[in-house]
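The structure appears below as structure tokens.
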Amino acid sequence: MKLHIVKNKKELAEKAYEVLLDVINSKDEVSLGLATGSSPEGIYEIFRREKPDVSHVTTVNLDEYVGLSADHDQSYAYFMNEHLFKHLKFKATHLPNGLSTDHAAECARYDEVLAANTPDLQLLGIGTNGHIAFNEPGASFELTTNVAELAPATVEANSRYFETPADVPTHAFSMGIKSIMQAKKILLIASGAGKAQAIKGMIEGPVTHELPASVLQTHVDVTVIVDAEAASLLRNDSMH
Ligand code: F6R
């Protein structure tokens with residue numbers, strides 16, 4: 001893993017944008033795997049400002065809540081439209097369809113989308129429990145797109161965005177770890193002290209299902225960009 005430690009969220013977004021832009025400008029047809037959540041917000045802000053040419057770029061997102069429509073203001077489709085897709089003209093954009101009722105068929109459809117658009121780069125955030133996409137602790141490393149049950153800690157973390165606890169989705173369509181590992185390059189970003197333990201485990205700990213992000217140690221091309229707080233528990237020798 002290549003590790004970059006930056007001062008703060010602003011520098012993190014700038015550095016990550018550079019990595020993304022290099023991939024975008026590297027060839028005529030590009031597939032980008034994207035993430036939602038607070039971590040990539042600063043990166044998408046730079047996209048909105050810089051407006052790079054993305055007419056040759058197809059995007060595939062990691063996940064979507066089961067039961068939320070694309071126009072629900074907490075759906076990931078809505079998030080992506082607001083932050084990115086309505087501001088730049090991508091060649092095509094893909095997310096799982098949160099409203100599909102035949103879950104197996106939707107997972108199979110998304111696997112086909114991924115097979116046709118293997119990400120040149122997959123952008124990832126990380127959960128405080130070490131999840132990537134919605135692959136929660138204990139998740140198999142062999143899964144492709146699946147319906148994941150959110151861990152109680154994840155439901156709790158998400159509840160701030162919903163009016164009542166009953167509104168908080170408990171399941172999501174999610175790329176599996178096997179799908180994520182197929183990306184040619186992976187860029188994981190994290191900021192804040194809340195992520196420090198997960199970052200330490202991901203980089204220094206054993207590869208274990210208990211910390212799904214640790215599987216990234218076995219991928220050939222992973223770049224990790226963290227701010228000083230998220231790096232605060234790393235041993236000195238991990239930082240070089
Ligand atoms: C989002 C996703 C999640 C988040 C993770 C971190 O598409 O798949 O795994 O990346 O929960 O979320 P934030 O960035 O909000 O801390």
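Following the order of the structure tokens, first chain is A, next is B, and so on, with residues numbered from 1 inside each chain and ligands from 1 in the order they appear.
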
Could you report the residues within 6 Å of ligand 1, using only C-alpha atoms and all ligand atoms, as a PyMOL selection string? chain A and resi 35-39+62-63+124-127+131-134

Write out the residues from the selection above, keeping N, CA, C and O atoms, as a tab-separated table (two decimals), in the first residue's frame.
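Writing the result to again_9.tsv gives the following:
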chain	number	residue	atom	x	y	z
A	35	ALA	N	-17.72	6.46	-4.57
A	35	ALA	CA	-18.29	6.21	-3.24
A	35	ALA	C	-19.11	7.43	-2.81
A	35	ALA	O	-18.93	8.53	-3.33
A	36	THR	N	-20.00	7.22	-1.86
A	36	THR	CA	-20.76	8.32	-1.27
A	36	THR	C	-20.24	8.55	0.15
A	36	THR	O	-19.19	8.04	0.53
A	37	GLY	N	-20.99	9.33	0.94
A	37	GLY	CA	-20.58	9.58	2.31
A	37	GLY	C	-19.83	10.90	2.43
A	37	GLY	O	-19.61	11.60	1.44
A	38	SER	N	-19.41	11.21	3.65
A	38	SER	CA	-18.77	12.51	3.86
A	38	SER	C	-17.34	12.53	3.33
A	38	SER	O	-16.84	13.59	2.92
A	39	SER	N	-16.67	11.38	3.29
A	39	SER	CA	-15.25	11.38	2.89
A	39	SER	C	-14.99	11.98	1.51
A	39	SER	O	-14.07	12.78	1.36
A	62	LEU	N	-20.51	2.20	-5.48
A	62	LEU	CA	-20.36	1.04	-4.61
A	62	LEU	C	-21.68	0.44	-4.14
A	62	LEU	O	-21.81	-0.77	-3.99
A	63	ASP	N	-22.65	1.33	-3.83
A	63	ASP	CA	-23.80	0.80	-3.08
A	63	ASP	C	-25.02	1.72	-3.14
A	63	ASP	O	-24.92	2.87	-3.56
A	124	LEU	N	-12.66	4.54	-2.34
A	124	LEU	CA	-13.30	3.95	-1.16
A	124	LEU	C	-13.17	4.86	0.05
A	124	LEU	O	-12.11	5.47	0.26
A	125	GLY	N	-14.23	4.90	0.86
A	125	GLY	CA	-14.11	5.40	2.23
A	125	GLY	C	-13.98	4.17	3.12
A	125	GLY	O	-13.92	3.03	2.64
A	126	ILE	N	-13.92	4.38	4.41
A	126	ILE	CA	-13.84	3.25	5.34
A	126	ILE	C	-14.74	3.56	6.54
A	126	ILE	O	-14.80	4.70	7.01
A	127	GLY	N	-15.46	2.54	7.00
A	127	GLY	CA	-16.30	2.73	8.19
A	127	GLY	C	-15.45	2.70	9.45
A	127	GLY	O	-14.31	2.20	9.43
A	131	HIS	N	-15.46	-1.30	7.68
A	131	HIS	CA	-16.17	-1.75	6.49
A	131	HIS	C	-15.73	-0.98	5.25
A	131	HIS	O	-15.28	0.17	5.35
A	132	ILE	N	-15.83	-1.64	4.09
A	132	ILE	CA	-15.68	-0.96	2.80
A	132	ILE	C	-16.93	-1.28	2.01
A	132	ILE	O	-17.41	-2.41	2.04
A	133	ALA	N	-17.49	-0.30	1.30
A	133	ALA	CA	-18.86	-0.37	0.81
A	133	ALA	C	-19.70	-0.81	2.01
A	133	ALA	O	-19.49	-0.33	3.12
A	134	PHE	N	-20.61	-1.78	1.85
A	134	PHE	CA	-21.33	-2.26	3.03
A	134	PHE	C	-20.90	-3.68	3.39
A	134	PHE	O	-21.68	-4.49	3.86

How close does stretch 136-164 of chain A get to stretch 99-107 of chain A? List, as CSV, each residue of stretch 136-164 of chain A within 8 Å, its nearest atom pair and the distance in Å to one decimal, counting only C-alpha atoms.
residue,atom,partner,partner_atom,distance
A:Thr145,CA,A:Cys107,CA,5.2
A:Asn146,CA,A:Cys107,CA,5.8
A:Val147,CA,A:His103,CA,7.2

Rows by chain and residue number, stretch 53-167 of chain A within 7 Å of stretch 201-224 of chain A, shortest pair, only C-alpha atoms, as a tab-separated table:
residue	atom	partner	partner_atom	distance
A:Asn129	CA	A:Leu211	CA	6.9
A:Gly130	CA	A:Leu211	CA	4.9
A:His131	CA	A:Pro212	CA	5.4
A:Ile132	CA	A:Ala213	CA	5.9
A:Asn135	CA	A:Pro212	CA	6.7
A:Glu136	CA	A:Pro212	CA	6.7
A:Pro137	CA	A:Glu210	CA	4.5
A:Gly138	CA	A:His209	CA	4.8
A:Ala139	CA	A:His209	CA	6.2
A:Ser140	CA	A:His209	CA	7.0

Write out as a PDB file with all heavy atoms, in the first residue's frame the residues lying within 10 Å of stretch 18-21 of chain A, counting only C-alpha atoms and excluding same-chain residues fewer than 4 positions away.
ATOM      1  N   ALA A  13      -8.566  16.100  -0.050  1.00  0.00           N
ATOM      2  CA  ALA A  13      -9.382  16.194  -1.269  1.00  0.00           C
ATOM      3  C   ALA A  13      -8.505  16.574  -2.460  1.00  0.00           C
ATOM      4  O   ALA A  13      -8.654  16.011  -3.553  1.00  0.00           O
ATOM      5  CB  ALA A  13     -10.493  17.217  -1.070  1.00  0.00           C
ATOM      6  N   GLU A  14      -7.578  17.496  -2.258  1.00  0.00           N
ATOM      7  CA  GLU A  14      -6.722  17.943  -3.370  1.00  0.00           C
ATOM      8  C   GLU A  14      -5.838  16.799  -3.877  1.00  0.00           C
ATOM      9  O   GLU A  14      -5.705  16.578  -5.075  1.00  0.00           O
ATOM     10  CB  GLU A  14      -5.844  19.120  -2.924  1.00  0.00           C
ATOM     11  CG  GLU A  14      -6.657  20.400  -2.776  1.00  0.00           C
ATOM     12  CD  GLU A  14      -5.932  21.494  -1.986  1.00  0.00           C
ATOM     13  OE1 GLU A  14      -4.799  21.255  -1.517  1.00  0.00           O
ATOM     14  OE2 GLU A  14      -6.526  22.575  -1.840  1.00  0.00           O
ATOM     15  N   ASN A  25      -7.358  11.097 -17.190  1.00  0.00           N
ATOM     16  CA  ASN A  25      -6.644  11.564 -18.379  1.00  0.00           C
ATOM     17  C   ASN A  25      -5.739  10.498 -18.992  1.00  0.00           C
ATOM     18  O   ASN A  25      -5.007  10.777 -19.935  1.00  0.00           O
ATOM     19  CB  ASN A  25      -5.793  12.799 -18.023  1.00  0.00           C
ATOM     20  CG  ASN A  25      -6.680  13.993 -17.720  1.00  0.00           C
ATOM     21  OD1 ASN A  25      -7.815  14.059 -18.200  1.00  0.00           O
ATOM     22  ND2 ASN A  25      -6.189  14.924 -16.927  1.00  0.00           N
ATOM     23  N   SER A  26      -5.803   9.273 -18.452  1.00  0.00           N
ATOM     24  CA  SER A  26      -4.831   8.264 -18.889  1.00  0.00           C
ATOM     25  C   SER A  26      -5.218   7.543 -20.172  1.00  0.00           C
ATOM     26  O   SER A  26      -4.374   6.950 -20.820  1.00  0.00           O
ATOM     27  CB  SER A  26      -4.607   7.232 -17.780  1.00  0.00           C
ATOM     28  OG  SER A  26      -5.795   6.485 -17.579  1.00  0.00           O
ATOM     29  N   LEU A  32     -14.686   4.607 -13.602  1.00  0.00           N
ATOM     30  CA  LEU A  32     -14.349   5.055 -12.244  1.00  0.00           C
ATOM     31  C   LEU A  32     -15.347   4.475 -11.261  1.00  0.00           C
ATOM     32  O   LEU A  32     -16.560   4.649 -11.430  1.00  0.00           O
ATOM     33  CB  LEU A  32     -14.488   6.577 -12.154  1.00  0.00           C
ATOM     34  CG  LEU A  32     -13.333   7.502 -12.434  1.00  0.00           C
ATOM     35  CD1 LEU A  32     -13.723   8.901 -11.985  1.00  0.00           C
ATOM     36  CD2 LEU A  32     -12.052   7.041 -11.755  1.00  0.00           C
ATOM     37  N   ILE A  43     -13.714  16.051  -2.595  1.00  0.00           N
ATOM     38  CA  ILE A  43     -13.225  15.709  -3.942  1.00  0.00           C
ATOM     39  C   ILE A  43     -14.268  16.134  -4.985  1.00  0.00           C
ATOM     40  O   ILE A  43     -13.936  16.738  -6.006  1.00  0.00           O
ATOM     41  CB  ILE A  43     -12.981  14.188  -4.073  1.00  0.00           C
ATOM     42  CG1 ILE A  43     -12.018  13.694  -2.987  1.00  0.00           C
ATOM     43  CG2 ILE A  43     -12.461  13.852  -5.461  1.00  0.00           C
ATOM     44  CD1 ILE A  43     -11.852  12.177  -2.973  1.00  0.00           C
ATOM     45  N   PHE A  47     -14.241  18.661  -8.320  1.00  0.00           N
ATOM     46  CA  PHE A  47     -14.761  18.324  -9.657  1.00  0.00           C
ATOM     47  C   PHE A  47     -15.729  19.412 -10.141  1.00  0.00           C
ATOM     48  O   PHE A  47     -15.677  19.831 -11.297  1.00  0.00           O
ATOM     49  CB  PHE A  47     -15.521  16.989  -9.631  1.00  0.00           C
ATOM     50  CG  PHE A  47     -14.675  15.786  -9.928  1.00  0.00           C
ATOM     51  CD1 PHE A  47     -14.137  15.039  -8.897  1.00  0.00           C
ATOM     52  CD2 PHE A  47     -14.422  15.387 -11.232  1.00  0.00           C
ATOM     53  CE1 PHE A  47     -13.364  13.914  -9.145  1.00  0.00           C
ATOM     54  CE2 PHE A  47     -13.646  14.263 -11.502  1.00  0.00           C
ATOM     55  CZ  PHE A  47     -13.113  13.534 -10.459  1.00  0.00           C
ATOM     56  N   PRO A  52     -13.413  18.990 -15.030  1.00  0.00           N
ATOM     57  CA  PRO A  52     -12.578  18.266 -16.003  1.00  0.00           C
ATOM     58  C   PRO A  52     -13.456  17.576 -17.055  1.00  0.00           C
ATOM     59  O   PRO A  52     -14.646  17.339 -16.794  1.00  0.00           O
ATOM     60  CB  PRO A  52     -11.865  17.225 -15.134  1.00  0.00           C
ATOM     61  CG  PRO A  52     -12.810  16.978 -14.003  1.00  0.00           C
ATOM     62  CD  PRO A  52     -13.462  18.308 -13.727  1.00  0.00           C
ATOM     63  N   ASP A  53     -12.869  17.298 -18.214  1.00  0.00           N
ATOM     64  CA  ASP A  53     -13.623  16.575 -19.251  1.00  0.00           C
ATOM     65  C   ASP A  53     -13.813  15.125 -18.800  1.00  0.00           C
ATOM     66  O   ASP A  53     -12.838  14.408 -18.596  1.00  0.00           O
ATOM     67  CB  ASP A  53     -12.845  16.621 -20.570  1.00  0.00           C
ATOM     68  CG  ASP A  53     -13.555  15.826 -21.655  1.00  0.00           C
ATOM     69  OD1 ASP A  53     -14.749  15.468 -21.453  1.00  0.00           O
ATOM     70  OD2 ASP A  53     -12.922  15.541 -22.687  1.00  0.00           O
ATOM     71  N   VAL A  54     -15.078  14.739 -18.614  1.00  0.00           N
ATOM     72  CA  VAL A  54     -15.370  13.357 -18.190  1.00  0.00           C
ATOM     73  C   VAL A  54     -16.309  12.678 -19.188  1.00  0.00           C
ATOM     74  O   VAL A  54     -16.979  11.706 -18.860  1.00  0.00           O
ATOM     75  CB  VAL A  54     -15.963  13.316 -16.755  1.00  0.00           C
ATOM     76  CG1 VAL A  54     -14.908  13.674 -15.722  1.00  0.00           C
ATOM     77  CG2 VAL A  54     -17.186  14.218 -16.618  1.00  0.00           C
ATOM     78  N   ASP A 120     -11.103   1.288 -13.509  1.00  0.00           N
ATOM     79  CA  ASP A 120      -9.668   1.567 -13.588  1.00  0.00           C
ATOM     80  C   ASP A 120      -9.190   2.042 -12.231  1.00  0.00           C
ATOM     81  O   ASP A 120      -8.060   1.818 -11.843  1.00  0.00           O
ATOM     82  CB  ASP A 120      -9.409   2.639 -14.652  1.00  0.00           C
ATOM     83  CG  ASP A 120      -9.744   2.115 -16.026  1.00  0.00           C
ATOM     84  OD1 ASP A 120      -9.024   1.214 -16.491  1.00  0.00           O
ATOM     85  OD2 ASP A 120     -10.749   2.553 -16.618  1.00  0.00           O
ATOM     86  N   LEU A 121     -10.096   2.718 -11.535  1.00  0.00           N
ATOM     87  CA  LEU A 121      -9.810   3.121 -10.158  1.00  0.00           C
ATOM     88  C   LEU A 121     -11.099   3.028  -9.354  1.00  0.00           C
ATOM     89  O   LEU A 121     -12.156   3.455  -9.823  1.00  0.00           O
ATOM     90  CB  LEU A 121      -9.281   4.560 -10.095  1.00  0.00           C
ATOM     91  CG  LEU A 121      -8.994   5.075  -8.672  1.00  0.00           C
ATOM     92  CD1 LEU A 121      -7.763   5.974  -8.679  1.00  0.00           C
ATOM     93  CD2 LEU A 121     -10.166   5.834  -8.069  1.00  0.00           C
ATOM     94  N   GLN A 122     -11.012   2.452  -8.160  1.00  0.00           N
ATOM     95  CA  GLN A 122     -12.151   2.418  -7.237  1.00  0.00           C
ATOM     96  C   GLN A 122     -11.837   3.310  -6.045  1.00  0.00           C
ATOM     97  O   GLN A 122     -10.845   3.097  -5.334  1.00  0.00           O
ATOM     98  CB  GLN A 122     -12.428   0.989  -6.764  1.00  0.00           C
ATOM     99  CG  GLN A 122     -13.532   0.888  -5.712  1.00  0.00           C
ATOM    100  CD  GLN A 122     -14.901   1.262  -6.251  1.00  0.00           C
ATOM    101  OE1 GLN A 122     -15.368   0.677  -7.221  1.00  0.00           O
ATOM    102  NE2 GLN A 122     -15.557   2.265  -5.646  1.00  0.00           N
ATOM    103  N   LEU A 123     -12.675   4.312  -5.841  1.00  0.00           N
ATOM    104  CA  LEU A 123     -12.545   5.197  -4.684  1.00  0.00           C
ATOM    105  C   LEU A 123     -13.304   4.568  -3.509  1.00  0.00           C
ATOM    106  O   LEU A 123     -14.442   4.128  -3.667  1.00  0.00           O
ATOM    107  CB  LEU A 123     -13.164   6.560  -5.025  1.00  0.00           C
ATOM    108  CG  LEU A 123     -13.188   7.613  -3.933  1.00  0.00           C
ATOM    109  CD1 LEU A 123     -11.770   8.017  -3.514  1.00  0.00           C
ATOM    110  CD2 LEU A 123     -13.951   8.856  -4.425  1.00  0.00           C
ATOM    111  N   LEU A 187      -8.184   3.552  -4.384  1.00  0.00           N
ATOM    112  CA  LEU A 187      -7.806   4.754  -3.629  1.00  0.00           C
ATOM    113  C   LEU A 187      -8.718   4.838  -2.415  1.00  0.00           C
ATOM    114  O   LEU A 187      -9.934   5.015  -2.566  1.00  0.00           O
ATOM    115  CB  LEU A 187      -7.986   6.003  -4.511  1.00  0.00           C
ATOM    116  CG  LEU A 187      -7.823   7.344  -3.809  1.00  0.00           C
ATOM    117  CD1 LEU A 187      -6.415   7.490  -3.218  1.00  0.00           C
ATOM    118  CD2 LEU A 187      -8.100   8.492  -4.785  1.00  0.00           C
ATOM    119  N   THR A 223      -3.634   2.899  -3.028  1.00  0.00           N
ATOM    120  CA  THR A 223      -3.140   4.156  -2.470  1.00  0.00           C
ATOM    121  C   THR A 223      -4.070   4.557  -1.337  1.00  0.00           C
ATOM    122  O   THR A 223      -5.299   4.500  -1.494  1.00  0.00           O
ATOM    123  CB  THR A 223      -3.111   5.257  -3.558  1.00  0.00           C
ATOM    124  OG1 THR A 223      -2.239   4.837  -4.599  1.00  0.00           O
ATOM    125  CG2 THR A 223      -2.630   6.583  -2.990  1.00  0.00           C
TER     126      THR A 223
END

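Using only C-alpha atoms, the contacts of stretch 72-85 of chain A at a cut-off of 7 Å, with sequence neighbours closer than 2 positions omitted, comprise A:Thr36, A:Tyr44, A:Arg48, A:Glu64, A:Tyr65, A:Leu68, A:Ser69, A:Ala70, A:His87, A:Leu88, A:Lys89, A:Leu95.
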
Go ahead and dump the residues you just picked, C-alpha atoms, as a compact mmCIF listing (two decimals), in the first residue's frame.
# COMPACT_ATOMS: atom_id res chain seq x y z
CA THR A 36 -20.76 8.32 -1.27
CA TYR A 44 -16.58 16.17 -5.66
CA ARG A 48 -17.61 20.87 -9.64
CA GLU A 64 -27.39 1.93 -2.62
CA TYR A 65 -29.91 1.52 0.19
CA LEU A 68 -34.90 4.18 -1.29
CA SER A 69 -35.76 5.71 -4.66
CA ALA A 70 -33.27 7.79 -6.65
CA HIS A 87 -22.79 19.23 -12.71
CA LEU A 88 -20.54 17.26 -15.11
CA LYS A 89 -21.40 15.28 -18.20
CA LEU A 95 -25.78 2.64 -9.19

I'd like the neighbourhood of A:Ile225 as a PyMOL selection string, where a residue qualifies if any of its atoms comes within 12 Å (using only C-alpha atoms), though same-chain residues fewer than 3 positions away should be ignored. chain A and resi 1-19+39-40+123-126+186-192+199+203+222+228-231+239

Out of stretch 5-240 of chain A, which residues get strand (DSSP E or B) from DSSP, as a ChimeraX atom specification? /A:5-6,30-34,57-61,63-65,92-94,121-124,132,135,146-149,171-174,186-190,222-227

Students should find that atom CA of A:Leu114 and atom CA of A:Val60 are spaced 7.3 Å

I need the residues of stretch 6-129 of chain A that end up classed as helix (DSSP H, G or I) by DSSP on the backbone, written out as a VMD selection string. chain A and resid 9 to 24 41 to 50 76 to 85 103 to 116

Dump N, CA and C atoms for the selected residues as a short mmCIF file (atom, residue, chain, number, x, y, z; two decimals), in the first residue's frame?
data_model
loop_
_atom_site.label_atom_id
_atom_site.label_comp_id
_atom_site.auth_asym_id
_atom_site.auth_seq_id
_atom_site.Cartn_x
_atom_site.Cartn_y
_atom_site.Cartn_z
N LYS A 9 -8.58 17.76 5.80
CA LYS A 9 -9.54 17.31 4.78
C LYS A 9 -9.35 18.01 3.44
N LYS A 10 -8.95 19.27 3.52
CA LYS A 10 -8.79 20.05 2.28
C LYS A 10 -7.63 19.46 1.46
N GLU A 11 -6.51 19.21 2.13
CA GLU A 11 -5.36 18.63 1.42
C GLU A 11 -5.66 17.23 0.93
N LEU A 12 -6.45 16.52 1.75
CA LEU A 12 -6.83 15.15 1.36
C LEU A 12 -7.60 15.18 0.04
N ALA A 13 -8.57 16.10 -0.05
CA ALA A 13 -9.38 16.19 -1.27
C ALA A 13 -8.51 16.57 -2.46
N GLU A 14 -7.58 17.50 -2.26
CA GLU A 14 -6.72 17.94 -3.37
C GLU A 14 -5.84 16.80 -3.88
N LYS A 15 -5.26 16.06 -2.93
CA LYS A 15 -4.37 14.95 -3.30
C LYS A 15 -5.16 13.84 -4.01
N ALA A 16 -6.33 13.54 -3.46
CA ALA A 16 -7.16 12.48 -4.07
C ALA A 16 -7.62 12.90 -5.46
N TYR A 17 -7.97 14.16 -5.61
CA TYR A 17 -8.41 14.66 -6.94
C TYR A 17 -7.30 14.46 -7.96
N GLU A 18 -6.05 14.75 -7.55
CA GLU A 18 -4.90 14.55 -8.46
C GLU A 18 -4.82 13.11 -8.95
N VAL A 19 -4.99 12.18 -7.99
CA VAL A 19 -4.90 10.75 -8.34
C VAL A 19 -6.03 10.39 -9.32
N LEU A 20 -7.24 10.88 -9.04
CA LEU A 20 -8.38 10.59 -9.91
C LEU A 20 -8.17 11.19 -11.31
N LEU A 21 -7.68 12.43 -11.33
CA LEU A 21 -7.51 13.11 -12.61
C LEU A 21 -6.47 12.40 -13.49
N ASP A 22 -5.42 11.89 -12.86
CA ASP A 22 -4.42 11.13 -13.62
C ASP A 22 -5.06 9.94 -14.32
N VAL A 23 -5.94 9.25 -13.62
CA VAL A 23 -6.61 8.09 -14.21
C VAL A 23 -7.57 8.55 -15.32
N ILE A 24 -8.31 9.62 -15.04
CA ILE A 24 -9.27 10.15 -16.03
C ILE A 24 -8.56 10.53 -17.33
N GLU A 41 -16.79 14.10 -0.23
CA GLU A 41 -17.47 15.36 -0.55
C GLU A 41 -16.53 16.44 -1.07
N GLY A 42 -15.35 16.55 -0.43
CA GLY A 42 -14.39 17.59 -0.84
C GLY A 42 -13.84 17.33 -2.24
N ILE A 43 -13.71 16.05 -2.59
CA ILE A 43 -13.22 15.71 -3.94
C ILE A 43 -14.27 16.13 -4.98
N TYR A 44 -15.53 15.84 -4.69
CA TYR A 44 -16.58 16.17 -5.66
C TYR A 44 -16.73 17.69 -5.79
N GLU A 45 -16.45 18.38 -4.71
CA GLU A 45 -16.48 19.85 -4.77
C GLU A 45 -15.41 20.37 -5.76
N ILE A 46 -14.24 19.73 -5.74
CA ILE A 46 -13.19 20.15 -6.69
C ILE A 46 -13.61 19.82 -8.13
N PHE A 47 -14.24 18.66 -8.32
CA PHE A 47 -14.76 18.32 -9.66
C PHE A 47 -15.73 19.41 -10.14
N ARG A 48 -16.61 19.87 -9.24
CA ARG A 48 -17.61 20.87 -9.64
C ARG A 48 -16.93 22.18 -10.01
N ARG A 49 -15.84 22.48 -9.33
CA ARG A 49 -15.13 23.73 -9.59
C ARG A 49 -14.27 23.63 -10.86
N GLU A 50 -13.53 22.54 -10.98
CA GLU A 50 -12.57 22.41 -12.08
C GLU A 50 -13.21 21.92 -13.38
N TYR A 76 -28.33 7.18 -2.23
CA TYR A 76 -27.00 7.46 -2.77
C TYR A 76 -27.09 7.99 -4.20
N ALA A 77 -28.15 7.60 -4.92
CA ALA A 77 -28.34 8.16 -6.27
C ALA A 77 -28.55 9.67 -6.17
N TYR A 78 -29.36 10.08 -5.19
CA TYR A 78 -29.62 11.51 -4.99
C TYR A 78 -28.32 12.23 -4.62
N PHE A 79 -27.57 11.64 -3.70
CA PHE A 79 -26.28 12.22 -3.28
C PHE A 79 -25.37 12.43 -4.49
N MET A 80 -25.26 11.40 -5.33
CA MET A 80 -24.35 11.50 -6.47
C MET A 80 -24.82 12.55 -7.47
N ASN A 81 -26.16 12.62 -7.67
CA ASN A 81 -26.69 13.65 -8.58
C ASN A 81 -26.37 15.03 -8.07
N GLU A 82 -26.63 15.26 -6.79
CA GLU A 82 -26.43 16.59 -6.21
C GLU A 82 -24.96 16.99 -6.23
N HIS A 83 -24.08 16.06 -5.83
CA HIS A 83 -22.67 16.41 -5.67
C HIS A 83 -21.89 16.40 -6.98
N LEU A 84 -22.33 15.56 -7.93
CA LEU A 84 -21.48 15.35 -9.11
C LEU A 84 -22.23 15.27 -10.44
N PHE A 85 -23.16 14.33 -10.53
CA PHE A 85 -23.67 13.98 -11.85
C PHE A 85 -24.43 15.09 -12.54
N HIS A 103 -34.24 -8.93 -5.62
CA HIS A 103 -32.88 -8.59 -5.20
C HIS A 103 -31.82 -9.38 -5.94
N ALA A 104 -32.09 -10.66 -6.14
CA ALA A 104 -31.09 -11.50 -6.82
C ALA A 104 -30.87 -11.01 -8.25
N ALA A 105 -31.98 -10.65 -8.92
CA ALA A 105 -31.86 -10.16 -10.30
C ALA A 105 -31.10 -8.84 -10.34
N GLU A 106 -31.36 -7.99 -9.36
CA GLU A 106 -30.67 -6.69 -9.34
C GLU A 106 -29.16 -6.87 -9.09
N CYS A 107 -28.82 -7.80 -8.20
CA CYS A 107 -27.40 -8.06 -7.94
C CYS A 107 -26.73 -8.61 -9.21
N ALA A 108 -27.43 -9.50 -9.90
CA ALA A 108 -26.87 -10.09 -11.13
C ALA A 108 -26.71 -9.00 -12.20
N ARG A 109 -27.71 -8.13 -12.29
CA ARG A 109 -27.61 -7.03 -13.27
C ARG A 109 -26.41 -6.15 -12.95
N TYR A 110 -26.20 -5.86 -11.67
CA TYR A 110 -25.10 -4.96 -11.32
C TYR A 110 -23.75 -5.64 -11.55
N ASP A 111 -23.70 -6.94 -11.32
CA ASP A 111 -22.45 -7.67 -11.63
C ASP A 111 -22.12 -7.56 -13.11
N GLU A 112 -23.17 -7.59 -13.96
CA GLU A 112 -22.93 -7.45 -15.40
C GLU A 112 -22.44 -6.05 -15.74
N VAL A 113 -23.02 -5.05 -15.09
CA VAL A 113 -22.55 -3.67 -15.28
C VAL A 113 -21.06 -3.58 -14.93
N LEU A 114 -20.70 -4.22 -13.82
CA LEU A 114 -19.31 -4.18 -13.37
C LEU A 114 -18.38 -4.94 -14.32
N ALA A 115 -18.86 -6.07 -14.81
CA ALA A 115 -18.03 -6.86 -15.72
C ALA A 115 -17.75 -6.07 -16.99
N ALA A 116 -18.73 -5.26 -17.42
CA ALA A 116 -18.55 -4.46 -18.64
C ALA A 116 -17.77 -3.18 -18.36
#

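Put simply, atom CA of A:Thr93 is 8.6 Å away from atom CA of A:Val57.
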
Give me the residues within 9 Å of A:Ser232 as JSON, numbers by chain, counting only C-alpha atoms and dropping any in the same chain fewer than 6 places off. {"A": [193, 196, 197, 200]}

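If you look at atom CA of A:Val30 and atom CA of A:Thr58, they are 6.3 Å away from each other.
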